[in-house]
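Engineer: File protein34.txt below, compact mmCIF, C-alpha atoms:
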# COMPACT_ATOMS: atom_id res chain seq x y z
CA MET A 299 -60.34 -51.62 320.21
CA ASP A 300 -60.06 -51.31 316.47
CA SER A 301 -57.23 -48.93 315.46
CA LYS A 302 -54.82 -48.82 312.60
CA VAL A 303 -51.21 -49.81 313.27
CA TYR A 304 -48.64 -47.56 311.55
CA THR A 305 -45.07 -48.20 310.77
CA VAL A 306 -42.66 -45.48 311.90
CA SER A 307 -42.20 -44.31 308.32
CA GLU A 308 -45.95 -44.18 307.76
CA LEU A 309 -46.51 -42.19 310.95
CA ASN A 310 -43.78 -39.69 310.15
CA ALA A 311 -45.13 -39.27 306.61
CA PHE A 312 -48.64 -38.78 308.00
CA ILE A 313 -47.47 -36.08 310.43
CA LYS A 314 -45.52 -34.41 307.62
CA GLU A 315 -48.71 -34.27 305.53
CA LEU A 316 -50.53 -32.66 308.45
CA PHE A 317 -47.83 -30.01 308.80
CA ASP A 318 -47.72 -29.32 305.08
CA ALA A 319 -51.50 -29.03 304.90
CA THR A 320 -51.71 -26.54 307.77
CA PRO A 321 -51.79 -23.00 306.20
CA PRO A 322 -50.08 -21.14 309.12
CA PHE A 323 -47.09 -23.46 308.81
CA ALA A 324 -46.64 -22.74 305.10
CA GLN A 325 -45.23 -19.24 305.72
CA ILE A 326 -44.17 -18.53 309.26
CA ALA A 327 -41.79 -16.09 310.96
CA VAL A 328 -39.86 -17.05 314.10
CA ARG A 329 -37.79 -14.67 316.26
CA GLY A 330 -34.86 -15.95 318.30
CA GLU A 331 -31.10 -16.25 318.70
CA LEU A 332 -28.92 -18.18 316.26
CA SER A 333 -26.99 -21.10 317.71
CA ASN A 334 -24.64 -23.77 316.31
CA TYR A 335 -24.61 -22.07 312.92
CA LYS A 336 -22.79 -24.24 310.38
CA ILE A 337 -22.26 -23.96 306.63
CA TYR A 338 -21.61 -27.25 304.88
CA PRO A 339 -19.51 -27.73 301.73
CA SER A 340 -22.74 -28.32 299.86
CA GLY A 341 -23.68 -24.69 300.53
CA HIS A 342 -26.58 -25.60 302.85
CA HIS A 343 -26.84 -23.83 306.23
CA TYR A 344 -27.85 -25.72 309.40
CA PHE A 345 -28.55 -23.94 312.67
CA THR A 346 -30.82 -23.65 315.67
CA ILE A 347 -33.04 -20.76 316.74
CA LYS A 348 -33.55 -20.55 320.47
CA ASP A 349 -34.96 -18.41 323.23
CA SER A 350 -34.64 -18.71 327.00
CA GLU A 351 -36.83 -21.83 327.15
CA SER A 352 -36.90 -23.64 323.80
CA SER A 353 -35.05 -24.26 320.58
CA LEU A 354 -36.00 -25.02 316.98
CA LYS A 355 -33.86 -26.76 314.38
CA CYS A 356 -33.59 -24.98 311.05
CA VAL A 357 -32.12 -25.58 307.61
CA MET A 358 -31.54 -23.12 304.78
CA PHE A 359 -30.73 -24.65 301.42
CA LYS A 360 -28.08 -23.17 299.15
CA SER A 361 -30.65 -21.66 296.76
CA SER A 362 -31.93 -19.44 299.61
CA ALA A 363 -28.55 -18.91 301.37
CA VAL A 364 -26.93 -17.26 298.32
CA LYS A 365 -29.47 -14.46 298.59
CA LEU A 366 -28.27 -13.46 302.07
CA ARG A 367 -26.59 -10.05 302.10
CA PHE A 368 -24.86 -10.67 305.43
CA ARG A 369 -23.10 -13.58 307.09
CA PRO A 370 -25.19 -15.08 309.91
CA GLU A 371 -23.28 -15.86 313.10
CA SER A 372 -24.11 -17.72 316.30
CA GLY A 373 -25.42 -15.37 318.97
CA MET A 374 -27.08 -13.04 316.46
CA SER A 375 -30.74 -12.15 317.09
CA VAL A 376 -32.80 -12.65 313.94
CA THR A 377 -36.22 -13.26 312.55
CA ALA A 378 -36.31 -16.38 310.38
CA PHE A 379 -38.85 -16.80 307.61
CA GLY A 380 -39.88 -20.15 306.10
CA ARG A 381 -42.17 -23.13 306.29
CA LEU A 382 -42.55 -25.59 309.15
CA SER A 383 -42.41 -29.25 308.24
CA VAL A 384 -41.22 -32.65 309.39
CA TYR A 385 -38.05 -34.44 308.35
CA PRO A 386 -39.42 -37.97 307.97
CA ARG A 387 -36.16 -39.80 308.56
CA ASP A 388 -35.74 -38.44 312.10
CA GLY A 389 -39.37 -37.72 312.87
CA ALA A 390 -38.39 -34.21 313.97
CA TYR A 391 -40.07 -31.05 312.82
CA GLN A 392 -37.88 -28.14 311.70
CA LEU A 393 -38.05 -24.81 309.96
CA TYR A 394 -37.09 -24.80 306.31
CA CYS A 395 -35.77 -21.26 306.24
CA SER A 396 -36.09 -19.08 303.14
CA GLY A 397 -34.70 -15.85 304.65
CA LEU A 398 -33.16 -14.21 307.72
CA MET A 399 -33.57 -10.66 308.97
CA PRO A 400 -31.26 -9.30 311.71
CA GLU A 401 -33.03 -7.79 314.68
CA GLY A 402 -32.51 -4.07 315.32
CA THR A 403 -30.21 -3.45 312.33
CA GLY A 404 -30.87 -4.10 308.67
CA ASP A 405 -29.16 -6.96 306.91
CA LEU A 406 -27.24 -4.57 304.63
CA GLN A 407 -25.84 -2.68 307.60
CA ILE A 408 -24.80 -5.97 309.19
CA ALA A 409 -23.14 -7.03 305.94
CA PHE A 410 -21.39 -3.64 305.72
CA GLU A 411 -19.95 -3.93 309.23
CA GLN A 412 -18.87 -7.53 308.69
CA LEU A 413 -17.04 -6.75 305.43
CA LYS A 414 -15.52 -3.61 306.91
CA ARG A 415 -14.12 -5.59 309.85
CA LYS A 416 -12.83 -8.36 307.59
CA LEU A 417 -11.02 -6.05 305.14
CA SER A 418 -9.64 -3.91 307.95
CA GLU A 419 -8.09 -6.98 309.59
CA GLU A 420 -6.51 -7.90 306.23
CA GLY A 421 -4.91 -4.45 306.01
CA LEU A 422 -6.84 -3.08 303.01
CA PHE A 423 -7.50 0.18 304.87
CA ASP A 424 -3.87 0.66 305.94
CA PRO A 425 -2.82 4.30 305.24
CA THR A 426 0.70 3.15 304.30
CA HIS A 427 -0.75 1.43 301.21
CA LYS A 428 -2.47 4.55 299.90
CA LYS A 429 -0.83 6.13 296.85
CA PRO A 430 -0.38 9.89 296.42
CA LEU A 431 -2.52 11.61 293.81
CA PRO A 432 -0.71 13.22 290.85
CA ARG A 433 -0.51 17.01 291.21
CA TYR A 434 -1.24 17.70 287.55
CA PRO A 435 -2.86 14.61 285.98
CA LYS A 436 -2.75 14.48 282.19
CA LYS A 437 -5.63 11.98 281.94
CA ILE A 438 -8.40 11.04 284.35
CA ALA A 439 -10.56 7.93 283.95
CA ILE A 440 -14.08 8.30 285.32
CA ILE A 441 -15.76 4.97 286.08
CA THR A 442 -19.47 5.60 286.59
CA SER A 443 -22.80 5.59 284.80
CA SER A 444 -22.86 7.62 281.62
CA ALA A 445 -26.52 8.47 282.20
CA GLY A 446 -26.23 9.95 285.69
CA ALA A 447 -25.90 13.60 286.63
CA ALA A 448 -22.70 12.83 288.56
CA VAL A 449 -20.57 12.29 285.46
CA HIS A 450 -21.72 15.58 283.89
CA ASP A 451 -20.93 17.48 287.08
CA MET A 452 -17.45 15.98 287.25
CA ILE A 453 -16.65 16.70 283.59
CA ARG A 454 -17.90 20.27 283.95
CA ILE A 455 -15.83 20.95 287.05
CA LEU A 456 -12.72 19.28 285.62
CA SER A 457 -12.89 21.32 282.41
CA HIS A 458 -13.44 24.53 284.38
CA ARG A 459 -10.69 23.98 286.95
CA TRP A 460 -8.02 22.40 284.76
CA PRO A 461 -8.93 22.18 281.05
CA MET A 462 -5.50 20.72 280.18
CA THR A 463 -6.57 17.35 281.63
CA LYS A 464 -8.14 14.85 279.25
CA VAL A 465 -11.15 12.93 280.62
CA VAL A 466 -11.73 9.29 279.66
CA LEU A 467 -15.18 7.92 280.53
CA LEU A 468 -15.48 4.19 281.21
CA PRO A 469 -19.28 3.74 281.47
CA VAL A 470 -20.58 1.05 283.84
CA ARG A 471 -23.73 0.26 285.70
CA VAL A 472 -23.56 1.49 289.29
CA GLN A 473 -26.64 -0.28 290.64
CA GLY A 474 -27.88 -3.84 290.62
CA VAL A 475 -26.21 -7.24 290.56
CA GLU A 476 -24.39 -6.49 287.29
CA ALA A 477 -22.74 -3.35 288.67
CA PRO A 478 -19.87 -4.83 290.78
CA PRO A 479 -18.34 -6.98 288.01
CA GLU A 480 -18.60 -4.10 285.54
CA ILE A 481 -16.87 -1.69 287.96
CA VAL A 482 -14.15 -4.28 288.65
CA GLY A 483 -13.64 -4.85 284.93
CA ALA A 484 -13.33 -1.09 284.25
CA ILE A 485 -10.73 -0.65 287.01
CA ARG A 486 -8.67 -3.55 285.69
CA TYR A 487 -8.97 -2.25 282.11
CA ALA A 488 -7.76 1.21 283.14
CA ASN A 489 -4.74 -0.33 284.85
CA ARG A 490 -3.89 -2.82 282.13
CA TYR A 491 -3.88 -0.27 279.30
CA ARG A 492 -2.82 2.75 281.38
CA VAL A 493 -5.64 4.86 279.99
CA ALA A 494 -5.13 7.54 282.65
CA ASP A 495 -2.98 8.81 285.51
CA LEU A 496 -5.87 8.80 287.98
CA ILE A 497 -9.19 6.99 288.45
CA ILE A 498 -12.40 8.46 289.84
CA THR A 499 -15.13 5.93 290.55
CA GLY A 500 -18.50 6.47 292.19
CA ARG A 501 -22.05 7.66 291.67
CA GLY A 502 -24.60 10.14 292.94
CA GLY A 503 -26.61 9.75 296.12
CA GLY A 504 -29.28 7.19 296.91
CA SER A 505 -30.38 4.65 299.47
CA ILE A 506 -28.03 2.07 300.92
CA GLU A 507 -29.40 -0.40 298.39
CA ASP A 508 -28.62 2.02 295.56
CA LEU A 509 -25.02 2.46 296.75
CA TRP A 510 -24.47 -1.20 297.53
CA ALA A 511 -22.28 -1.91 294.49
CA PHE A 512 -19.55 0.15 296.18
CA ASN A 513 -19.85 -2.01 299.31
CA ASP A 514 -19.09 -5.12 297.27
CA GLU A 515 -15.97 -7.03 298.28
CA ARG A 516 -14.92 -7.53 294.65
CA VAL A 517 -14.94 -3.79 294.01
CA ALA A 518 -12.97 -3.13 297.22
CA ARG A 519 -10.26 -5.62 296.27
CA ALA A 520 -10.03 -4.22 292.72
CA ILE A 521 -9.48 -0.72 294.10
CA TYR A 522 -6.86 -2.03 296.53
CA ALA A 523 -5.02 -3.86 293.73
CA SER A 524 -5.06 -0.84 291.39
CA ASP A 525 -1.63 0.53 290.45
CA LEU A 526 -3.29 3.80 289.48
CA PRO A 527 -4.44 6.00 292.38
CA VAL A 528 -8.21 5.88 292.94
CA ILE A 529 -10.58 8.52 294.28
CA SER A 530 -13.85 7.13 295.64
CA ALA A 531 -16.81 9.48 295.12
CA VAL A 532 -20.02 7.82 296.24
CA GLY A 533 -23.24 9.55 297.26
CA HIS A 534 -23.42 12.59 299.49
CA GLU A 535 -21.38 13.74 302.51
CA PRO A 536 -22.98 11.36 305.10
CA ASP A 537 -22.71 8.34 302.80
CA VAL A 538 -19.69 6.12 303.54
CA THR A 539 -18.97 2.94 301.59
CA ILE A 540 -16.31 0.25 301.72
CA SER A 541 -14.80 1.78 298.58
CA ASP A 542 -14.19 5.00 300.52
CA TYR A 543 -12.08 3.13 303.06
CA VAL A 544 -10.00 1.27 300.46
CA ALA A 545 -9.47 4.10 297.95
CA ASP A 546 -6.40 6.31 298.01
CA ALA A 547 -8.62 9.35 298.58
CA ARG A 548 -12.26 9.78 299.54
CA ALA A 549 -14.46 12.56 298.15
CA SER A 550 -17.66 13.55 299.88
CA THR A 551 -19.46 13.88 296.51
CA PRO A 552 -18.62 13.30 292.83
CA SER A 553 -18.23 17.07 292.42
CA ASN A 554 -15.79 17.13 295.31
CA ALA A 555 -13.82 14.32 293.61
CA ALA A 556 -13.30 16.56 290.58
CA GLU A 557 -12.08 19.33 292.88
CA ILE A 558 -9.63 16.96 294.58
CA ALA A 559 -8.38 15.47 291.32
CA VAL A 560 -7.07 18.67 289.69
CA PRO A 561 -5.85 22.06 290.87
CA ASP A 562 -7.78 25.25 290.19
CA MET A 563 -6.35 27.03 287.16
CA THR A 564 -7.21 30.47 288.56
CA GLU A 565 -5.53 29.72 291.87
CA GLU A 566 -2.46 28.31 290.09
CA ARG A 567 -2.26 31.43 287.89
CA GLU A 568 -2.48 33.67 290.95
CA ALA A 569 0.15 31.56 292.71
CA LEU A 570 2.47 31.85 289.70
CA TYR A 571 1.90 35.61 289.57
CA SER A 572 2.69 35.85 293.28
CA CYS A 573 5.82 33.75 292.80
CA GLY A 574 6.88 36.03 289.93
CA ILE A 575 6.48 39.11 292.12
CA ARG A 576 8.45 37.51 294.95
CA ALA A 577 11.17 36.40 292.53
CA SER A 578 11.40 39.93 291.07
CA GLN A 579 11.61 41.45 294.54
CA ALA A 580 14.28 38.95 295.55
CA MET A 581 16.24 39.75 292.38
CA ASP A 582 16.02 43.48 293.08
CA ARG A 583 17.29 42.97 296.61
CA ARG A 584 20.16 40.85 295.34
CA LEU A 585 21.12 43.41 292.68
CA LYS A 586 21.06 46.16 295.27
CA GLN A 587 23.32 44.12 297.52
CA LEU A 588 25.72 43.44 294.64
CA ARG A 589 25.82 47.16 293.72
CA THR A 590 26.71 48.01 297.32
CA GLU A 591 29.50 45.43 297.33
CA LEU A 592 30.75 46.75 293.98
CA GLU A 593 30.92 50.28 295.35
CA GLN A 594 32.85 49.01 298.35
CA PHE A 595 35.34 47.24 296.11
CA ARG A 596 35.60 50.26 293.83
CA SER A 597 36.53 52.53 296.77
CA ARG A 598 39.35 50.29 297.92
CA ARG A 599 42.90 51.66 297.62
CA VAL A 600 44.14 48.72 295.59
CA LEU A 601 41.80 49.62 292.73
CA GLN A 602 42.69 53.29 292.85
CA ASP A 603 46.49 52.82 293.07
CA ALA A 604 47.86 49.50 291.76
CA SER A 605 51.29 50.04 293.40
CA ALA A 606 49.67 50.60 296.79
CA TYR A 607 48.97 46.89 297.09
CA LEU A 608 52.65 46.04 296.53
CA ASP A 609 53.73 48.72 299.01
CA ASP A 610 51.44 47.26 301.64
CA ARG A 611 52.79 43.79 300.98
CA ARG A 612 56.40 45.03 301.25
CA ILE A 613 55.65 46.56 304.63
CA GLU A 614 54.04 43.34 305.76
CA LEU A 615 57.09 41.42 304.51
CA ASP A 616 59.45 43.67 306.50
CA HIS A 617 57.31 43.13 309.60
CA LEU A 618 57.36 39.39 309.08
CA ARG A 619 61.16 39.40 308.55
CA ASP A 620 61.72 41.37 311.77
CA LYS A 621 59.45 38.98 313.66
CA LEU A 622 61.33 35.99 312.21
CA ILE A 623 64.78 37.43 313.11
CA SER A 624 63.61 38.27 316.62
CA ALA A 625 62.22 34.77 317.04
CA MET A 626 65.47 33.20 315.82
CA GLU A 627 67.57 35.38 318.18
CA ASN A 628 65.36 34.45 321.11
CA GLU A 629 65.65 30.79 320.22
CA LEU A 630 69.46 30.97 319.92
CA ALA A 631 69.72 32.78 323.28
CA ARG A 632 67.55 30.13 324.89
CA LYS A 633 69.67 27.30 323.46
CA LYS A 634 72.92 29.06 324.50
CA HIS A 635 71.62 29.43 328.02
CA ASN A 636 70.70 25.76 328.09
CA GLN A 637 74.19 24.85 326.77
CA VAL A 638 75.94 26.82 329.52
CA ALA A 639 73.76 25.18 332.17
CA LEU A 640 74.49 21.71 330.79
CA ALA A 641 78.27 22.42 330.59
CA ALA A 642 78.28 23.55 334.21
CA SER A 643 76.45 20.40 335.27
CA LEU A 644 78.85 18.24 333.24
CA ASP A 645 81.93 19.99 334.70
CA ALA A 646 80.61 19.49 338.22
CA MET A 647 80.24 15.78 337.58
CA SER A 648 83.71 15.37 335.86
CA PRO A 649 86.26 13.21 337.77
CA LEU A 650 88.97 15.69 336.76
CA ARG A 651 87.18 18.29 338.83
CA VAL A 652 87.83 16.11 341.91
CA LEU A 653 91.59 16.19 341.29
CA THR A 654 91.71 19.93 341.95
CA ARG A 655 90.62 19.20 345.50
CA GLY A 656 93.84 17.13 346.29
CA TYR A 657 92.81 13.71 345.00
CA THR A 658 94.84 11.47 342.63
CA MET A 659 93.59 8.94 340.06
CA ALA A 660 95.69 5.83 339.41
CA THR A 661 95.56 3.77 336.21
CA ASN A 662 97.44 0.61 335.23
CA GLU A 663 99.43 0.07 332.09
CA SER A 664 96.19 -0.79 330.22
CA GLY A 665 94.71 2.55 331.16
CA GLU A 666 92.16 1.01 333.54
CA ILE A 667 91.42 2.83 336.79
CA VAL A 668 92.70 1.01 339.88
CA TRP A 669 90.07 1.01 342.57
CA ARG A 670 91.16 -1.78 344.97
CA THR A 671 94.42 -3.15 346.40
CA ALA A 672 93.29 -6.56 345.24
CA ASP A 673 93.93 -5.42 341.68
CA LEU A 674 97.66 -4.70 342.47
CA THR A 675 100.78 -6.80 342.83
CA PRO A 676 104.26 -5.57 343.81
CA GLY A 677 106.19 -4.37 340.80
CA ASP A 678 103.09 -3.11 338.90
CA ARG A 679 103.65 0.14 337.11
CA LEU A 680 101.00 2.76 337.60
CA ARG A 681 100.36 6.23 336.30
CA LEU A 682 99.09 8.77 338.73
CA ARG A 683 96.87 11.58 337.35
CA LEU A 684 97.34 14.78 339.32
CA SER A 685 95.59 18.16 339.01
CA ASP A 686 98.43 19.59 336.92
CA GLY A 687 99.83 16.51 335.18
CA SER A 688 100.77 12.83 335.68
CA ALA A 689 103.65 10.69 337.06
CA ALA A 690 104.74 7.07 336.55
CA VAL A 691 105.30 4.99 339.74
CA THR A 692 106.12 1.40 340.67
CA VAL A 693 104.31 -0.53 343.42
CA ASP A 694 106.78 -1.64 346.08
CA SER A 695 104.37 -2.96 348.68
CA ILE A 696 100.63 -3.31 349.23
CA ASP A 697 98.75 -2.41 352.38
CA GLY A 698 95.29 -3.97 352.34
CA GLU A 699 93.95 -2.22 355.38
CA SER A 700 91.02 0.16 354.89
CA ILE A 701 91.33 3.84 355.66
Can you turn what I pasted into structure tokens?
Structural biologist:
Amino acid sequence: MDSKVYTVSELNAFIKELFDATPPFAQIAVRGELSNYKIYPSGHHYFTIKDSESSLKCVMFKSSAVKLRFRPESGMSVTAFGRLSVYPRDGAYQLYCSGLMPEGTGDLQIAFEQLKRKLSEEGLFDPTHKKPLPRYPKKIAIITSSAGAAVHDMIRILSHRWPMTKVVLLPVRVQGVEAPPEIVGAIRYANRYRVADLIITGRGGGSIEDLWAFNDERVARAIYASDLPVISAVGHEPDVTISDYVADARASTPSNAAEIAVPDMTEEREALYSCGIRASQAMDRRLKQLRTELEQFRSRRVLQDASAYLDDRRIELDHLRDKLISAMENELARKKHNQVALAASLDAMSPLRVLTRGYTMATNESGEIVWRTADLTPGDRLRLRLSDGSAAVTVDSIDGESI
């Protein structure tokens, strides 16, 4: 049997040539589920596409990956486009992917939802961060295309509603890859040099691709970082962009942004006229009330007869004096009554009161009351206190027996 013997490298190279020379393998589309999706520091993407029975290794080089408008994730159903070839070192065939398309939903919608979720988790949509719009802005910066109909509509409405406001146009591209950095630069410029009190940024309607500049993460972060309040005015009523979520106020259309930005001069004039009428009516009511009070004061006796006031005060003084004297007499009577009661109680408790009932009180020469026989010795001189006087006696004998 005469057959050529290949080295492993030669065989793998031969199979690679077969794959590369097969036209269907040059541009092929494969549907499946992403698995083990990894992005390396080099910028290359490595992953596997699988179905219920098989799997296929894939690689997407950085040059193709930067064109993705969404972030692929494991578990996502996609259609992968590319060429099928062999990696000679491992002898394994794989798909060299040039593009990915999400199944069911477009890649832009996927990218929109992913960025929306990311920024929401970071707090860029938090209502507490939103700044109030000035009631009467002196200057408004409009960041949009100078060639579009949207800018002319906004300027027309602003000048009609509130002509006192100055409009500063910062022209930028609002579509294409150059649009996001230009919009970001205009927002930063407006903040750095304080060219206005309020920013309106947006554009007229279009497809999701046309509006995509306002779904750019750089634009969203520039709006969030703006010290000046920002109104987002992109597309028509159904159109919602990431800028709408981040901005301090969202307008359904550019024309609506102009209506939100400034008050209506006619309405303000009518409100002022109404306030003037109410103020005049309130003043009339107050004057009428004051006239009534003045008439009441004028009819008082004190204004008609100056001495009448003094007469009334004299009468009041006499009444107060009588009340004071009566109160003092009542107080003195009460204290006198209390004094008599206390004197009676004191008299009842006095030892002298006992003497009137036939008792005698004996004291020694020192004036101390003698209570016991033990305090006496024969020959002591005592003074006996009787009910009507006293007598001096001498102790002859002592009887210690109790009565």
Engineer: One number please: CA of Ala520 (chain A) to CA of Ala545 (chain A), in Å, one decimal.
Structural biologist: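 According to the coordinates, CA of Ala520 (chain A) and CA of Ala545 (chain A) are separated by 9.8 Å.
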Engineer: In Å, how far is it from CA of Val376 (chain A) to CA of Phe359 (chain A)?
Structural biologist: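 CA of Phe359 (chain A) lies 17.5 Å from CA of Val376 (chain A).
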Engineer: Near region 659-674 of chain A, counting only C-alpha atoms, which residues have an atom at most 7 Å away, once you skip same-chain residues fewer than 2 positions from it, shown as a list in words?
Structural biologist: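 Everything that qualifies: Tyr657, Pro676, Asp678, Arg679, Leu680, Arg681, Leu682, Arg683, Leu684, Ile696 and Gly698 of chain A.
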Engineer: Any chance you could tabulate, as a Markdown table, the residues of region 490-515 of chain A at most 12 Å from region 532-541 of chain A with each one's nearest atom pair and distance in Å to one decimal, using all atoms listed in the file, in chain and rising number order?
Structural biologist:
| residue | atom | partner | partner_atom | distance |
| --- | --- | --- | --- | --- |
| A:Ile498 | CA | A:Val532 | CA | 10.0 |
| A:Thr499 | CA | A:Val532 | CA | 7.7 |
| A:Gly500 | CA | A:Val532 | CA | 4.5 |
| A:Arg501 | CA | A:Val532 | CA | 5.0 |
| A:Gly502 | CA | A:Gly533 | CA | 4.6 |
| A:Gly503 | CA | A:Gly533 | CA | 3.6 |
| A:Gly504 | CA | A:Gly533 | CA | 6.5 |
| A:Ser505 | CA | A:Gly533 | CA | 8.9 |
| A:Ile506 | CA | A:Asp537 | CA | 8.4 |
| A:Glu507 | CA | A:Thr539 | CA | 11.4 |
| A:Asp508 | CA | A:Gly533 | CA | 9.4 |
| A:Leu509 | CA | A:Gly533 | CA | 7.3 |
| A:Trp510 | CA | A:Thr539 | CA | 8.0 |
| A:Ala511 | CA | A:Thr539 | CA | 9.2 |
| A:Phe512 | CA | A:Ser541 | CA | 5.6 |
| A:Asn513 | CA | A:Ile540 | CA | 4.8 |
| A:Asp514 | CA | A:Ile540 | CA | 7.5 |
| A:Glu515 | CA | A:Ile540 | CA | 8.1 |
Engineer: May I ask for the distance between CA of Ile441 (chain A) and CA of Arg459 (chain A), given in Å to one decimal place?
Structural biologist: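 These atoms are spaced 19.7 Å apart.
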Engineer: Restricting the calculation to only C-alpha atoms: of A:Ile440, A:Ala327, A:Val482, A:Ala556, which residue gets closest to His458 (chain A)?
Structural biologist: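 The closest residue to His458 (chain A) is A:Ala556.
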Engineer: Each residue of region 381-456 of chain A with at least one atom at most 9 Å from region 470-481 of chain A should appear once, together with its nearest atom pair and the corresponding distance in Å (one decimal); atoms considered: only C-alpha atoms; ordering: chain, then increasing residue number; output as a Markdown table.
Structural biologist:
| residue | atom | partner | partner_atom | distance |
| --- | --- | --- | --- | --- |
| A:Ile441 | CA | A:Val470 | CA | 6.6 |
| A:Thr442 | CA | A:Val470 | CA | 5.4 |
| A:Ser443 | CA | A:Val470 | CA | 5.1 |
| A:Ser444 | CA | A:Val470 | CA | 7.3 |
Engineer: Would you save the residues from that selection as an mmCIF file, in the frame of the given file, using C-alpha atoms?
Structural biologist:
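Final output, again.cif:
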data_model
loop_
_atom_site.group_PDB
_atom_site.id
_atom_site.type_symbol
_atom_site.label_atom_id
_atom_site.label_comp_id
_atom_site.auth_asym_id
_atom_site.auth_seq_id
_atom_site.Cartn_x
_atom_site.Cartn_y
_atom_site.Cartn_z
ATOM 1 C CA ILE A 441 -15.760 4.970 286.080
ATOM 2 C CA THR A 442 -19.470 5.600 286.590
ATOM 3 C CA SER A 443 -22.800 5.590 284.800
ATOM 4 C CA SER A 444 -22.860 7.620 281.620
#
Engineer: Distance cut-off 6 Å, centre (-27.9, -27.5, 300.6) in file coordinates, counting only C-alpha atoms: which residues qualify? Return them as a list in words.
Structural biologist: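 Residues lying no farther than 6 Å from the given point: Ser340, Gly341, His342, Phe359 and Lys360 of chain A.
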Engineer: Do you know which residues are at most 12 Å from Ser372 (chain A) counting all atoms listed in the file, after dropping those on the same chain fewer than 2 positions away, and could you put them as a ChimeraX atom specification?
Structural biologist: /A:330-337,344-348,369-370,374-376,400
Engineer: Which residue out of A:Met647, A:Leu393, A:Leu406, A:Ala488 has the minimum interatomic distance to Val528 (chain A) when only C-alpha atoms are used?
Structural biologist: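 Looking only at the distances to Val528 (chain A), the closest residue turns out to be A:Ala488.
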Engineer: Set the distance at 12 Å and use only C-alpha atoms: which residues neighbour Leu526 (chain A) once local chain neighbours fewer than 4 positions away are removed? I'd like the list as an NGL selection string.
Structural biologist: :A and (428-432 or 435 or 437-439 or 485-498 or 520-522 or 545-547)
Engineer: For region 564-572 of chain A, list every protein, DNA or RNA residue within 12 Å, evaluated using all atoms listed in the file, and leave out those in the same chain fewer than 4 positions away; present the list as a list in words.
Structural biologist: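 So the residues in contact are Arg433, Tyr434, His458, Arg459, Trp460, Pro461, Val560, Arg576, Ala577, Ser578 and Gln579 of chain A.
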